[in-house]
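Asks: What follows is a structure written as structure tokens; I'll ask about it next.
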Amino acid sequence: MTCKTAAAPPRRLRYTLVLAVLAAALLAAGLAGLVLGSVRIPPGDVLRILTGDAPAGPFPTIVLDVRLPRVLLGAVVGAGLAVIGTVLQALVRNPLADPFLLGVSSGASTGAVMVVVLGVGGGLATTVSMPLAAFAGSLGALIAVYALARRGGTMTTGRLVLAGVAVQYILSALTSLVLVTSAQAEHLRSIMFWTLGGLGQARWHTLWLPALVLLAGLALLLTLARPLDLLLVGEEGATVLGLDTGRFRAAVFVLASLVTGVLVAASGSIGFVGLLVPHAVRMLVGASHRALLPVVALAGAVFVVLADLLARTVAGSQEIPVGVITALAGGPFFLWLLRRTTRTEGITG
Amino acid sequence: MSGLSTGPGTAPAAPAELRTEGLSYGVDGRHLVDGADLHVAPGETVGLVGPNGSGKTTLLRCVYGTLAPTHGRITLDGRDLAGFSAKERARRVATVPQDGSGAFELTVREIVAMGRSPHKRFWETDSADDATRTDEALERVGVAELRDRSFAALSGGERQRVLVARALVQQPSLLVLDEPTNHLDIRYQLDVLSLVTSLGTSTLLALHDLNLAAYYCDRLYVLREGRVVAHGTPPEILTPGLLADVYGVAAEVSTHPVTGAPTVVYLPPGAAGGRSAAASGTAGRQ
């Protein structure tokens, strides 16, 4: 009893502190995202533009119509990918899950590209039919990877990673094939967007759907925090604690695919966000989902806004795909995690 | 810290009556459990004994619901378990699963608090009452000092006790335990078995150690190749003849002067008198 009253307040304080620091970091990164770019706009001007006191010249357009939607989309996509990574890790009960690594993002790209190239949906293509096709693609990829990795009732890290990589390669190749053979130069140029991601196409009208889906998805997942926690103790453990694991897993698969599909349709497949962020955040606030998910969302937003800032400033006027930055940060982390995970699996059998 | 206190927070639900009738479970035509009839009266502690591969674990898994029987039925207070939802069953039946570890770092307290899940809507947060029950179970099993540690970092024995605490938090009317004393030091074996048998909950448990089974169980069922070959009170069951028959070992059984329970001493092959003693006593055979 004494240790309860002594231990609880510092943990809550620490949690609030983590949230506050991340919120401040998101604001700062967002502001930097509005200030920096091919043209540097003084912070004072940016603040005046944001408060409606616009100076003359091209700055208001750059800030309000180009950079602001881009920063916001970066935050939405980062939060969403990190949250989905967290959830996928619980679903397959493996720390190496990530929408990109499991081929889910590639599946979404393939779906979206089919719509772009085949022109299905006409004028609706960009807003509705493309995210829908991306959702179908990511769900298909997720089911395929899960089935391939789980043969025989168990799922080892090796099988999961191999199945994910294989599906991801096949789908990326398919995406490239469709784009290359489409005979339209703009499609060919978009290969980089679909396979490495990019936030350069962010506009207000491409922002609302991802934002809405992220908020709804996050709210829903927060109500599912308890069953998500139960998945962490394994199939048998969750079942004896009263969770219908088959039905729950299927429902969350659909939800994760939907969110991934919508995000990828807007930003291409940006990798490693869903791997890196959940792990870093678990070290700060623990693995219990009710506490974990809001912090993961904030941290994911900060991560992608910063990565995008680097992507469009580090090489002068030449923009680097944001997925290159996230992969440079996440790849080495993945290798470290792989080494650690397979080592513990070796010990415990 | 292993003292076993009692408290209102972990007061058990009314004990249930369990019956299995002609319970069978088979894979590819091979019967792992074959027509088992079992009865646990309310509040009774019933032990399942038998050699490795005799079907104890499979039978228990059918009862706690991770396997569906291929034939026969299981009833809890007369109601067929097949008609229970996963959650309904988890409110009545608690167990300590063998695979309790996780890849992620949940704390001991978070793991134990999960025992409240069957009693909650999935979006509900834990109440003050849930927190009290969780803390009391931690005290009761003697793992309170581990509460903020990572479950994944515990030793096998510590994990086992934490999962027993979680089963208590579930407030079951039937406890199903598969080798609950695995990995435990002898002191904790006695602590855990004393605890679960003092709860007043109906308990069905598989035990390797026949002396512990003799001391703690009201009745024993002996399984061999998926079939119940004997059942009765420990003195009826634990006889040299049955031990020779089922386990293929020579043993001497005496009544312990202090505990009053049958005590089994195994005789190594070739030890004097072992073989001849194995010829007598088959009480309770079916």
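Labels used: A, B, ... for chains in the order of the structure tokens, numbers from 1 for residues in each chain, and numbers from 1 for ligands as shown.
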Using only C-alpha atoms, which protein or nucleic acid residues come within 12 Å of Asp185 (chain B)? Drop anything in the same chain fewer than 3 positions from it, and give the result as a list in words.
Replies: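 These residues fall inside the cut-off: Ser155, Gly156, Gly157, Glu158, Gln160, Arg161, Pro180, Thr181, Asn182, Tyr188, Gln189, Leu190, Asp191 and Val192 of chain B.
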Asks: Just the selected residues (all heavy atoms), exported as an mmCIF file, in the first residue's frame, please.
Replies:
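New file out.cif:
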```
data_model
loop_
_atom_site.group_PDB
_atom_site.id
_atom_site.type_symbol
_atom_site.label_atom_id
_atom_site.label_comp_id
_atom_site.auth_asym_id
_atom_site.auth_seq_id
_atom_site.Cartn_x
_atom_site.Cartn_y
_atom_site.Cartn_z
ATOM 1 N N SER B 155 11.742 -14.530 -13.308
ATOM 2 C CA SER B 155 12.109 -15.942 -13.421
ATOM 3 C C SER B 155 10.832 -16.754 -13.637
ATOM 4 O O SER B 155 9.719 -16.264 -13.427
ATOM 5 C CB SER B 155 12.796 -16.398 -12.139
ATOM 6 O OG SER B 155 11.852 -16.499 -11.097
ATOM 7 N N GLY B 156 11.002 -18.008 -14.065
ATOM 8 C CA GLY B 156 9.847 -18.866 -14.315
ATOM 9 C C GLY B 156 8.947 -18.999 -13.101
ATOM 10 O O GLY B 156 7.717 -18.967 -13.204
ATOM 11 N N GLY B 157 9.550 -19.125 -11.934
ATOM 12 C CA GLY B 157 8.763 -19.289 -10.717
ATOM 13 C C GLY B 157 7.990 -18.037 -10.363
ATOM 14 O O GLY B 157 6.830 -18.098 -9.951
ATOM 15 N N GLU B 158 8.643 -16.898 -10.530
ATOM 16 C CA GLU B 158 7.965 -15.626 -10.245
ATOM 17 C C GLU B 158 6.780 -15.423 -11.187
ATOM 18 O O GLU B 158 5.695 -15.017 -10.773
ATOM 19 C CB GLU B 158 8.946 -14.453 -10.377
ATOM 20 C CG GLU B 158 9.970 -14.395 -9.265
ATOM 21 C CD GLU B 158 11.117 -13.428 -9.547
ATOM 22 O OE1 GLU B 158 11.442 -13.192 -10.739
ATOM 23 O OE2 GLU B 158 11.699 -12.919 -8.591
ATOM 24 N N GLN B 160 5.037 -17.703 -12.638
ATOM 25 C CA GLN B 160 3.986 -18.643 -12.261
ATOM 26 C C GLN B 160 3.129 -18.062 -11.135
ATOM 27 O O GLN B 160 1.911 -18.106 -11.178
ATOM 28 C CB GLN B 160 4.662 -19.945 -11.793
ATOM 29 C CG GLN B 160 3.726 -21.104 -11.673
ATOM 30 C CD GLN B 160 3.528 -21.790 -13.012
ATOM 31 O OE1 GLN B 160 4.052 -21.356 -14.026
ATOM 32 N NE2 GLN B 160 2.763 -22.856 -13.010
ATOM 33 N N ARG B 161 3.779 -17.459 -10.155
ATOM 34 C CA ARG B 161 3.033 -16.905 -9.025
ATOM 35 C C ARG B 161 2.233 -15.682 -9.452
ATOM 36 O O ARG B 161 1.112 -15.477 -9.003
ATOM 37 C CB ARG B 161 3.993 -16.556 -7.882
ATOM 38 C CG ARG B 161 4.456 -17.814 -7.146
ATOM 39 C CD ARG B 161 5.235 -17.469 -5.907
ATOM 40 N NE ARG B 161 6.518 -16.870 -6.230
ATOM 41 C CZ ARG B 161 7.095 -15.917 -5.529
ATOM 42 N NH1 ARG B 161 6.501 -15.432 -4.463
ATOM 43 N NH2 ARG B 161 8.269 -15.442 -5.887
ATOM 44 N N PRO B 180 0.580 -26.359 -11.706
ATOM 45 C CA PRO B 180 0.788 -24.995 -11.190
ATOM 46 C C PRO B 180 2.094 -24.852 -10.424
ATOM 47 O O PRO B 180 2.507 -23.735 -10.118
ATOM 48 C CB PRO B 180 -0.414 -24.780 -10.261
ATOM 49 C CG PRO B 180 -0.822 -26.142 -9.844
ATOM 50 C CD PRO B 180 -0.527 -27.040 -11.016
ATOM 51 N N THR B 181 2.729 -25.957 -10.099
ATOM 52 C CA THR B 181 3.946 -25.871 -9.289
ATOM 53 C C THR B 181 5.209 -26.031 -10.126
ATOM 54 O O THR B 181 6.304 -26.028 -9.592
ATOM 55 C CB THR B 181 3.931 -26.935 -8.182
ATOM 56 O OG1 THR B 181 3.724 -28.213 -8.780
ATOM 57 C CG2 THR B 181 2.828 -26.646 -7.202
ATOM 58 N N ASN B 182 5.018 -26.146 -11.458
ATOM 59 C CA ASN B 182 6.175 -26.157 -12.365
ATOM 60 C C ASN B 182 7.085 -24.971 -12.083
ATOM 61 O O ASN B 182 6.598 -23.877 -11.866
ATOM 62 C CB ASN B 182 5.665 -25.996 -13.811
ATOM 63 C CG ASN B 182 5.827 -27.280 -14.576
ATOM 64 O OD1 ASN B 182 6.411 -28.228 -14.065
ATOM 65 N ND2 ASN B 182 5.316 -27.303 -15.786
ATOM 66 N N TYR B 188 7.430 -22.466 -2.485
ATOM 67 C CA TYR B 188 6.342 -21.833 -3.214
ATOM 68 C C TYR B 188 5.355 -22.860 -3.739
ATOM 69 O O TYR B 188 4.174 -22.555 -3.910
ATOM 70 C CB TYR B 188 6.899 -20.963 -4.345
ATOM 71 C CG TYR B 188 7.602 -19.736 -3.826
ATOM 72 C CD1 TYR B 188 8.920 -19.467 -4.145
ATOM 73 C CD2 TYR B 188 6.929 -18.851 -2.992
ATOM 74 C CE1 TYR B 188 9.566 -18.346 -3.667
ATOM 75 C CE2 TYR B 188 7.557 -17.727 -2.495
ATOM 76 C CZ TYR B 188 8.874 -17.471 -2.838
ATOM 77 O OH TYR B 188 9.490 -16.357 -2.354
ATOM 78 N N GLN B 189 5.826 -24.089 -4.007
ATOM 79 C CA GLN B 189 4.887 -25.141 -4.380
ATOM 80 C C GLN B 189 3.864 -25.299 -3.269
ATOM 81 O O GLN B 189 2.653 -25.341 -3.503
ATOM 82 C CB GLN B 189 5.615 -26.473 -4.581
ATOM 83 C CG GLN B 189 6.574 -26.477 -5.739
ATOM 84 C CD GLN B 189 7.109 -27.875 -6.021
ATOM 85 O OE1 GLN B 189 6.554 -28.861 -5.567
ATOM 86 N NE2 GLN B 189 8.187 -27.951 -6.770
ATOM 87 N N LEU B 190 4.369 -25.379 -2.033
ATOM 88 C CA LEU B 190 3.464 -25.549 -0.890
ATOM 89 C C LEU B 190 2.588 -24.316 -0.714
ATOM 90 O O LEU B 190 1.381 -24.420 -0.485
ATOM 91 C CB LEU B 190 4.276 -25.816 0.384
ATOM 92 C CG LEU B 190 5.150 -27.071 0.332
ATOM 93 C CD1 LEU B 190 5.988 -27.201 1.599
ATOM 94 C CD2 LEU B 190 4.296 -28.323 0.144
ATOM 95 N N ASP B 191 3.184 -23.126 -0.852
ATOM 96 C CA ASP B 191 2.418 -21.879 -0.707
ATOM 97 C C ASP B 191 1.276 -21.810 -1.709
ATOM 98 O O ASP B 191 0.127 -21.529 -1.353
ATOM 99 C CB ASP B 191 3.330 -20.665 -0.939
ATOM 100 C CG ASP B 191 4.017 -20.234 0.344
ATOM 101 O OD1 ASP B 191 3.740 -20.850 1.390
ATOM 102 O OD2 ASP B 191 4.825 -19.290 0.293
ATOM 103 N N VAL B 192 1.608 -22.057 -2.993
ATOM 104 C CA VAL B 192 0.601 -21.911 -4.040
ATOM 105 C C VAL B 192 -0.508 -22.934 -3.864
ATOM 106 O O VAL B 192 -1.695 -22.616 -3.942
ATOM 107 C CB VAL B 192 1.257 -22.043 -5.439
ATOM 108 C CG1 VAL B 192 0.210 -22.322 -6.502
ATOM 109 C CG2 VAL B 192 2.017 -20.769 -5.770
#
```
Asks: List as a Markdown table every residue of chain B that is in contact with chain A, defined as an atom at most 9 Å from one of its atoms (using only C-alpha atoms), together with the nearest atom pair and the distance in Å rounded to one decimal, sorted by chain and then rising number.
Replies:
```
| residue | atom | partner | partner_atom | distance |
| --- | --- | --- | --- | --- |
| B:Tyr64 | CA | A:Val240 | CA | 6.7 |
| B:Gly65 | CA | A:Val240 | CA | 7.0 |
| B:Thr66 | CA | A:Glu236 | CA | 6.6 |
| B:Ser85 | CA | A:Gly242 | CA | 7.9 |
| B:Ala86 | CA | A:Gly242 | CA | 4.5 |
| B:Lys87 | CA | A:Gly242 | CA | 3.7 |
| B:Glu88 | CA | A:Gly242 | CA | 7.1 |
| B:Arg89 | CA | A:Gly242 | CA | 6.8 |
| B:Ala90 | CA | A:Gly242 | CA | 4.8 |
| B:Arg91 | CA | A:Gly242 | CA | 7.6 |
| B:Val93 | CA | A:Val240 | CA | 8.0 |
| B:Ala94 | CA | A:Val240 | CA | 6.9 |
| B:Thr95 | CA | A:Val240 | CA | 6.9 |
| B:Val96 | CA | A:Gly237 | CA | 8.2 |
| B:Pro97 | CA | A:Gly237 | CA | 6.1 |
| B:Gln98 | CA | A:Glu236 | CA | 8.6 |
| B:Asp99 | CA | A:Gly237 | CA | 7.2 |
| B:Gly100 | CA | A:Val233 | CA | 5.9 |
| B:Ser101 | CA | A:Val233 | CA | 6.1 |
| B:Gly102 | CA | A:Val233 | CA | 5.1 |
| B:Ala103 | CA | A:Asn94 | CA | 6.5 |
| B:Phe104 | CA | A:Ala287 | CA | 6.4 |
| B:Glu105 | CA | A:Ala287 | CA | 5.9 |
| B:Leu106 | CA | A:Ala287 | CA | 5.6 |
| B:Thr107 | CA | A:Gly286 | CA | 8.0 |
| B:Glu110 | CA | A:Ser288 | CA | 7.7 |
| B:Ile111 | CA | A:Val233 | CA | 8.2 |
| B:Met114 | CA | A:Leu230 | CA | 7.2 |
| B:Gly115 | CA | A:Leu241 | CA | 6.6 |
| B:Arg116 | CA | A:Leu241 | CA | 8.4 |
| B:Ser117 | CA | A:Leu241 | CA | 6.5 |
| B:Pro118 | CA | A:Gly242 | CA | 5.4 |
| B:Phe122 | CA | A:Arg226 | CA | 5.9 |
| B:Trp123 | CA | A:Thr223 | CA | 4.6 |
| B:Glu124 | CA | A:Thr223 | CA | 7.9 |
| B:Thr125 | CA | A:Arg226 | CA | 8.1 |
| B:Asp135 | CA | A:Met1 | CA | 7.9 |
| B:Glu145 | CA | A:Cys3 | CA | 8.7 |
| B:Asp148 | CA | A:Ala7 | CA | 8.8 |
| B:Gln170 | CA | A:Leu241 | CA | 8.2 |
```
Asks: If we count only C-alpha atoms, what is near region 140-144 of chain A at a cut-off of 12 Å, once residues fewer than 2 positions away on the same chain are taken out, given as a PyMOL selection string?
Replies: chain A and resi 88+91-92+97-111+133-138+146-151+160+163-172+249-250+252-258+260-261
Asks: Just give me the gap between CA of Leu204 (chain B) and CA of Thr134 (chain B) in Å, one decimal is fine.
Replies: 23.2 Å
